[in-house]
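Dumped my_file.tsv below, it's TSV, C-alpha atoms and all ligand atoms:
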chain	number	residue	atom	x	y	z
A	1	MET	CA	-15.63	-1.05	1.02
A	2	ALA	CA	-14.21	-2.51	4.27
A	3	ASP	CA	-16.59	-5.47	4.63
A	4	LYS	CA	-16.39	-6.18	0.91
A	5	LEU	CA	-12.58	-6.19	0.97
A	6	ALA	CA	-12.59	-8.44	4.04
A	7	ARG	CA	-14.84	-10.93	2.20
A	8	TRP	CA	-12.44	-10.96	-0.78
A	9	ARG	CA	-9.54	-12.15	1.36
A	10	GLN	CA	-9.11	-15.53	-0.45
A	11	LEU	CA	-9.24	-13.88	-3.86
A	12	ASP	CA	-6.70	-11.33	-2.72
A	13	ARG	CA	-4.39	-14.09	-1.47
A	14	LEU	CA	-4.68	-15.86	-4.80
A	15	PHE	CA	-3.85	-12.83	-6.96
A	16	ALA	CA	-1.86	-10.49	-4.71
A	17	GLY	CA	-0.48	-12.84	-2.02
A	18	ARG	CA	2.76	-13.63	-3.83
A	19	TYR	CA	3.49	-9.94	-4.46
A	20	ARG	CA	2.67	-9.00	-0.88
A	21	ARG	CA	4.94	-11.78	0.37
A	22	SER	CA	7.92	-10.98	-1.83
A	23	GLN	CA	7.68	-7.25	-1.22
A	24	PHE	CA	7.17	-7.31	2.55
A	25	GLU	CA	8.72	-10.54	3.90
A	26	HIS	CA	12.07	-8.79	4.45
A	27	ALA	CA	10.63	-5.72	6.19
A	28	ASN	CA	12.92	-5.04	9.05
A	29	GLY	CA	12.54	-3.95	12.70
A	30	ARG	CA	9.79	-1.49	13.64
A	31	VAL	CA	7.39	-1.38	10.70
A	32	LEU	CA	4.79	1.26	9.85
A	33	ALA	CA	2.00	-0.05	7.58
A	34	VAL	CA	0.47	3.04	5.97
A	35	ALA	CA	-3.18	2.75	4.86
A	36	CYS	CA	-3.13	-0.82	6.16
A	37	GLY	CA	-6.79	-1.39	5.23
A	38	THR	CA	-8.00	-4.73	6.54
A	39	GLY	CA	-4.43	-5.73	7.47
A	40	ARG	CA	-3.71	-7.89	4.43
A	41	ASN	CA	0.06	-7.41	4.65
A	42	PHE	CA	0.47	-8.29	8.32
A	43	ARG	CA	0.76	-12.05	7.72
A	44	TYR	CA	3.67	-11.56	5.31
A	45	LEU	CA	5.82	-9.59	7.76
A	46	PRO	CA	8.63	-11.41	9.60
A	47	SER	CA	7.37	-12.69	12.96
A	48	ALA	CA	10.02	-10.65	14.77
A	49	SER	CA	8.55	-7.38	13.48
A	50	GLU	CA	6.80	-4.83	15.59
A	51	VAL	CA	4.07	-3.39	13.36
A	52	VAL	CA	2.06	-0.20	13.65
A	53	GLY	CA	-0.82	-0.05	11.15
A	54	ILE	CA	-2.60	3.18	10.34
A	55	ASP	CA	-5.63	3.89	8.17
A	56	ILE	CA	-8.13	6.71	7.84
A	57	SER	CA	-11.08	4.31	8.07
A	58	ASP	CA	-12.24	2.86	11.38
A	59	ALA	CA	-14.21	0.19	9.49
A	60	MET	CA	-10.98	-1.02	7.82
A	61	LEU	CA	-9.14	-0.89	11.13
A	62	ALA	CA	-11.72	-3.12	12.82
A	63	HIS	CA	-10.80	-5.88	10.34
A	64	ALA	CA	-7.09	-5.08	10.67
A	65	ARG	CA	-7.33	-5.52	14.46
A	66	THR	CA	-8.94	-8.96	14.02
A	67	GLU	CA	-6.23	-9.92	11.52
A	68	LEU	CA	-3.51	-8.83	13.94
A	69	ASP	CA	-5.11	-10.71	16.84
A	70	GLY	CA	-4.93	-13.94	14.82
A	71	LEU	CA	-1.20	-13.60	14.16
A	72	GLU	CA	1.80	-13.97	16.41
A	73	LEU	CA	2.89	-10.45	15.70
A	74	ASP	CA	3.57	-7.61	18.07
A	75	GLY	CA	1.47	-4.69	16.86
A	76	THR	CA	-1.18	-2.02	17.11
A	77	VAL	CA	-3.46	-0.18	14.68
A	78	ASN	CA	-4.50	3.47	14.84
A	79	GLN	CA	-6.80	5.80	12.96
A	80	MET	CA	-4.65	8.41	11.21
A	81	ASP	CA	-4.32	10.39	7.97
A	82	SER	CA	-1.31	9.27	5.95
A	83	GLN	CA	-0.80	12.89	4.88
A	84	ALA	CA	-0.28	14.03	8.48
A	85	LEU	CA	1.30	11.15	10.40
A	86	ASP	CA	1.30	11.63	14.14
A	87	PHE	CA	4.81	10.17	14.70
A	88	PRO	CA	8.15	11.86	15.32
A	89	ASP	CA	10.79	11.93	12.57
A	90	ASP	CA	12.83	8.74	12.02
A	91	SER	CA	10.57	6.52	14.15
A	92	PHE	CA	10.40	3.41	11.91
A	93	ASP	CA	12.97	1.08	10.33
A	94	THR	CA	10.64	0.18	7.46
A	95	VAL	CA	7.55	1.87	6.05
A	96	ILE	CA	5.29	-0.32	3.91
A	97	SER	CA	2.18	0.48	1.92
A	98	SER	CA	0.12	-1.30	-0.72
A	99	PHE	CA	-2.52	-0.23	-3.23
A	100	SER	CA	-2.77	3.08	-1.43
A	101	THR	CA	-1.20	6.00	-3.32
A	102	CYS	CA	-4.04	5.61	-5.87
A	103	THR	CA	-6.52	6.66	-3.17
A	104	PHE	CA	-4.72	9.45	-1.30
A	105	PRO	CA	-6.01	12.93	-2.14
A	106	ASP	CA	-2.38	14.12	-2.06
A	107	PRO	CA	-0.07	11.11	-2.63
A	108	ILE	CA	3.06	13.29	-2.67
A	109	ALA	CA	2.25	14.65	0.80
A	110	ALA	CA	1.73	11.06	2.02
A	111	LEU	CA	5.08	9.95	0.52
A	112	HIS	CA	6.83	12.91	2.19
A	113	GLU	CA	5.32	11.81	5.49
A	114	MET	CA	6.49	8.21	4.93
A	115	GLU	CA	9.96	9.57	4.24
A	116	ARG	CA	9.91	11.81	7.33
A	117	VAL	CA	9.01	9.01	9.77
A	118	CYS	CA	11.41	6.50	8.18
A	119	SER	CA	14.88	6.35	9.70
A	120	PRO	CA	17.63	7.69	7.37
A	121	ASP	CA	18.98	4.16	6.81
A	122	GLY	CA	15.50	2.63	6.61
A	123	GLU	CA	13.39	1.56	3.62
A	124	ILE	CA	10.03	2.49	2.12
A	125	LEU	CA	8.50	-0.54	0.39
A	126	LEU	CA	5.51	-0.07	-1.89
A	127	LEU	CA	3.25	-2.42	-3.81
A	128	GLU	CA	0.89	-0.63	-6.19
A	129	HIS	CA	-1.29	-1.17	-9.22
A	130	ARG	CA	-0.43	0.92	-12.27
A	131	ARG	CA	-1.39	1.73	-15.85
A	132	SER	CA	-0.45	-1.39	-17.82
A	133	ASP	CA	2.16	-1.50	-20.61
A	134	VAL	CA	-0.20	-3.82	-22.49
A	135	ALA	CA	-2.11	-1.52	-24.83
A	136	PRO	CA	-5.60	-3.10	-24.62
A	137	LEU	CA	-5.41	-3.23	-20.82
A	138	ALA	CA	-4.22	0.37	-20.63
A	139	TRP	CA	-7.06	1.37	-22.94
A	140	LEU	CA	-9.56	-0.40	-20.65
A	141	GLN	CA	-8.05	1.29	-17.59
A	142	ASP	CA	-8.24	4.72	-19.24
A	143	TRP	CA	-11.81	4.04	-20.35
A	144	ARG	CA	-12.93	3.01	-16.81
A	145	ALA	CA	-10.76	5.50	-14.89
A	146	GLU	CA	-13.31	8.23	-14.29
A	147	ALA	CA	-16.21	5.91	-13.37
A	148	HIS	CA	-13.91	3.85	-11.13
A	149	TYR	CA	-12.73	6.97	-9.32
A	150	GLU	CA	-16.33	8.17	-8.83
A	151	LYS	CA	-17.34	4.79	-7.39
A	152	ASN	CA	-14.24	3.72	-5.45
A	153	GLY	CA	-12.06	6.81	-5.00
A	154	CYS	CA	-9.18	5.00	-6.72
A	155	ARG	CA	-7.14	6.28	-9.71
A	156	LEU	CA	-7.11	3.11	-11.82
A	157	ASN	CA	-4.55	4.31	-14.38
A	158	HIS	CA	-2.12	6.14	-12.12
A	159	GLU	CA	1.68	5.87	-12.46
A	160	PRO	CA	3.05	5.27	-8.95
A	161	LEU	CA	6.73	5.30	-9.97
A	162	GLU	CA	6.30	8.81	-11.43
A	163	THR	CA	4.63	9.93	-8.20
A	164	VAL	CA	7.43	8.49	-6.05
A	165	GLU	CA	10.05	10.19	-8.24
A	166	LYS	CA	8.10	13.46	-8.12
A	167	ALA	CA	8.08	13.21	-4.31
A	168	GLY	CA	11.88	13.06	-4.47
A	169	LEU	CA	12.39	9.72	-2.74
A	170	THR	CA	15.41	7.73	-3.90
A	171	VAL	CA	14.17	4.74	-5.92
A	172	GLU	CA	16.50	1.78	-5.27
A	173	ASN	CA	14.53	-0.80	-7.20
A	174	ALA	CA	11.33	-0.95	-9.21
A	175	ALA	CA	9.74	-3.87	-11.02
A	176	THR	CA	6.46	-4.63	-12.75
A	177	ALA	CA	4.44	-7.84	-13.01
A	178	PHE	CA	1.06	-9.28	-13.98
A	179	PHE	CA	0.78	-7.77	-17.47
A	180	GLY	CA	2.34	-4.55	-16.17
A	181	LEU	CA	-0.60	-3.96	-13.85
A	182	VAL	CA	1.38	-4.36	-10.63
A	183	THR	CA	4.54	-2.62	-9.52
A	184	THR	CA	6.86	-2.96	-6.57
A	185	ILE	CA	9.00	0.01	-5.56
A	186	ASP	CA	11.81	0.00	-2.98
A	187	ALA	CA	12.76	3.53	-1.99
A	188	THR	CA	14.94	5.17	0.61
A	189	PRO	CA	14.71	8.61	2.22
A	190	ARG	CA	16.78	11.35	0.60
A	201	LIG	C1	-7.44	-0.01	-1.76
A	201	LIG	S1	-7.31	0.08	-0.04
A	201	LIG	C2	-5.80	-0.82	0.25
A	201	LIG	C3	-5.74	-1.35	1.64
A	201	LIG	C4	-4.50	-2.21	1.98
A	201	LIG	N1	-3.29	-1.45	1.94
A	201	LIG	C5	-4.40	-3.42	1.09
A	201	LIG	O1	-3.39	-3.59	0.40
A	201	LIG	O2	-5.33	-4.25	1.11
A	201	LIG	C6	-6.81	1.77	0.25
A	201	LIG	C7	-6.77	2.13	1.73
A	201	LIG	O3	-6.30	3.48	1.88
A	201	LIG	C8	-6.98	4.04	2.97
A	201	LIG	N2	-6.85	5.50	2.87
A	201	LIG	C9	-7.35	6.32	1.92
A	201	LIG	N3	-6.99	7.60	2.17
A	201	LIG	C10	-6.25	7.58	3.30
A	201	LIG	C11	-5.57	8.57	4.06
A	201	LIG	N4	-5.61	9.87	3.70
A	201	LIG	N5	-4.88	8.20	5.15
A	201	LIG	C12	-4.83	6.90	5.54
A	201	LIG	N6	-5.46	5.91	4.87
A	201	LIG	C13	-6.15	6.24	3.76
A	201	LIG	C14	-8.39	3.51	2.82
A	201	LIG	O4	-9.16	3.64	3.98
A	201	LIG	C15	-8.12	2.07	2.43
A	201	LIG	O5	-8.01	1.24	3.56
Written as structure tokens, how would this file's structure read?
Ligand SMILES: C[S@@+](CC[C@H](N)C(=O)[O-])C[C@H]1O[C@@H](n2cnc3c(N)ncnc32)[C@H](O)[C@@H]1O
Amino acid sequence: MADKLARWRQLDRLFAGRYRRSQFEHANGRVLAVACGTGRNFRYLPSASEVVGIDISDAMLAHARTELDGLELDGTVNQMDSQALDFPDDSFDTVISSFSTCTFPDPIAALHEMERVCSPDGEILLLEHRRSDVAPLAWLQDWRAEAHYEKNGCRLNHEPLETVEKAGLTVENAATAFFGLVTTIDATPR
């Protein structure tokens, strides 16, 4: 998927750019970008940020490194499993992640790890797709869910807010957009 996603960069900017910007432009201090993929969110971070991107896929990280090199941003990227982050507790001011909990084998474990490495007064900022509130769209998502998961390893009709609540994080703010297909969630550690 990595090369394909990298080729879709303009399309992504067109459809997801505004959500990425509004969700991540206020990320503060030392930022961990979990499952950073090809590094799509890096350009929306404040230039004063220090970013650490992690992803399980080296192919994704190769693109993320190129993205980082083209920006005036202090940062590194590392291969790592989001469900077992190799960082001490409380090491980041902000943890960000986008379109990722749909792909983690154990999203609750990944959210617990995000919480663990986030400082107690820090923030966990998520941007996710979700099962739409618009009935025909939800029906389509349900209909395609199994085939989409087989092909892309992504749960098309998942409910990220429910997962975040199940993980026990404190939800400070949640909003939906784009026919209910997109959600932003601001959470804090317990
Ligand atoms: C749909 S992509 C989203 C990438 C990026 N966050 C974005 O918004 O463009 C999902 C990403 O999750 C990564 N991923 C899946 N399972 C992972 C895991 N256990 N740990 C870390 N990254 C993982 C994939 O390699 C992929 O880059």
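The residue set within 7 Å of Glu172 of chain A, counting only C-alpha atoms and dropping same-chain residues fewer than 5 places from it, reads Asp186, Ala187 and Thr188 of chain A.
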Original post:
Leaving out Thr163 of chain A and any residue of its chain fewer than 3 positions from it, which residues lie within 9 Å of it when counting all atoms listed in the file, given as a list in words?
Top reply: Thr101, Pro107, Ile108, Leu111, His158, Glu159, Pro160, Lys166, Ala167 and Gly168 of chain A
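Summary of the local environment: counting all atoms listed in the file, residues at most 12 Å from Ala64 of chain A, other than itself and those fewer than 6 positions away along its chain, are A:Ala2, A:Asp3, A:Leu5, A:Ala6, A:Arg9, A:Ala33, A:Ala35, A:Cys36, A:Gly37, A:Thr38, A:Gly39, A:Arg40, A:Asn41, A:Phe42, A:Arg43, A:Val51, A:Val52, A:Gly53, A:Ile54, A:Asp55, A:Ser57, A:Asp58, A:Gly70, A:Leu71, A:Gly75, A:Thr76, A:Val77, A:Asn78, A:Gln79.
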**OP:** Using only C-alpha atoms and all ligand atoms, find the one residue out of A:Glu25, A:Glu50, A:Glu67, A:Asp12 that sits nearest to ligand LIG 201 (chain A).
**Re:** A:Asp12
Original post:
Hey, what's within 8 Å of Arg131 of chain A if we count only C-alpha atoms and toss same-chain stuff fewer than 6 positions away? As a PyMOL selection string, please?
Top reply: chain A and resi 138+141+156-159+180-181
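Taking all atoms listed in the file into account, ligand LIG 201 (chain A) lies nearest to A:Ser82 out of the set A:Thr184, A:Thr176, A:Ser132, A:Ser82.
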Original post:
For ligand LIG 201 (chain A), which residue out of A:Ala62, A:Leu161, A:Leu137, A:Val117 is the nearest one, using only C-alpha atoms and all ligand atoms?
Top reply: A:Ala62
Subject >> Straight-line distance linking atom CA of Ala177 of chain A with atom CA of Cys154 of chain A, stated in Å to one decimal >> reply: 19.7 Å
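Using only C-alpha atoms and all ligand atoms, the nearest neighbour of ligand LIG 201 (chain A) within the list A:Ser119, A:Asn173, A:Gln10, A:Asn28 is A:Gln10.
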**OP:** Do a neighbour search on Ala48 of chain A at 10 Å with all atoms listed in the file, toss out local chain neighbours closer than 4 positions, and write the hits as a ChimeraX atom specification.
**Re:** /A:27-30,72-74
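Reported to one decimal place, the separation of atom C2 of ligand LIG 201 (chain A) from atom CA of Ala109 of chain A is 17.4 Å.
Nearest residue to ligand LIG 201 (chain A) among A:Ile56, A:Ala110, A:Leu45, A:Ala174 is A:Ile56, counting only C-alpha atoms and all ligand atoms.
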Original post:
Which of these residues is nearest to Phe92 of chain A, using all atoms listed in the file: A:Arg18, A:His26, A:Arg116, A:Arg65?
Top reply: A:Arg116
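When atom CA of Ser22 of chain A is paired with atom CA of Tyr44 of chain A, their separation reads 8.3 Å.
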Using 8 Å of padding on each side, determine the axis-aligned box around all atoms of ligand LIG 201 (chain A) present in the file and give its centre and edge lengths in Å to one decimal, as JSON.
{"center_x": -6.2, "center_y": 2.8, "center_z": 1.9, "size_x": 21.9, "size_y": 30.1, "size_z": 23.3}
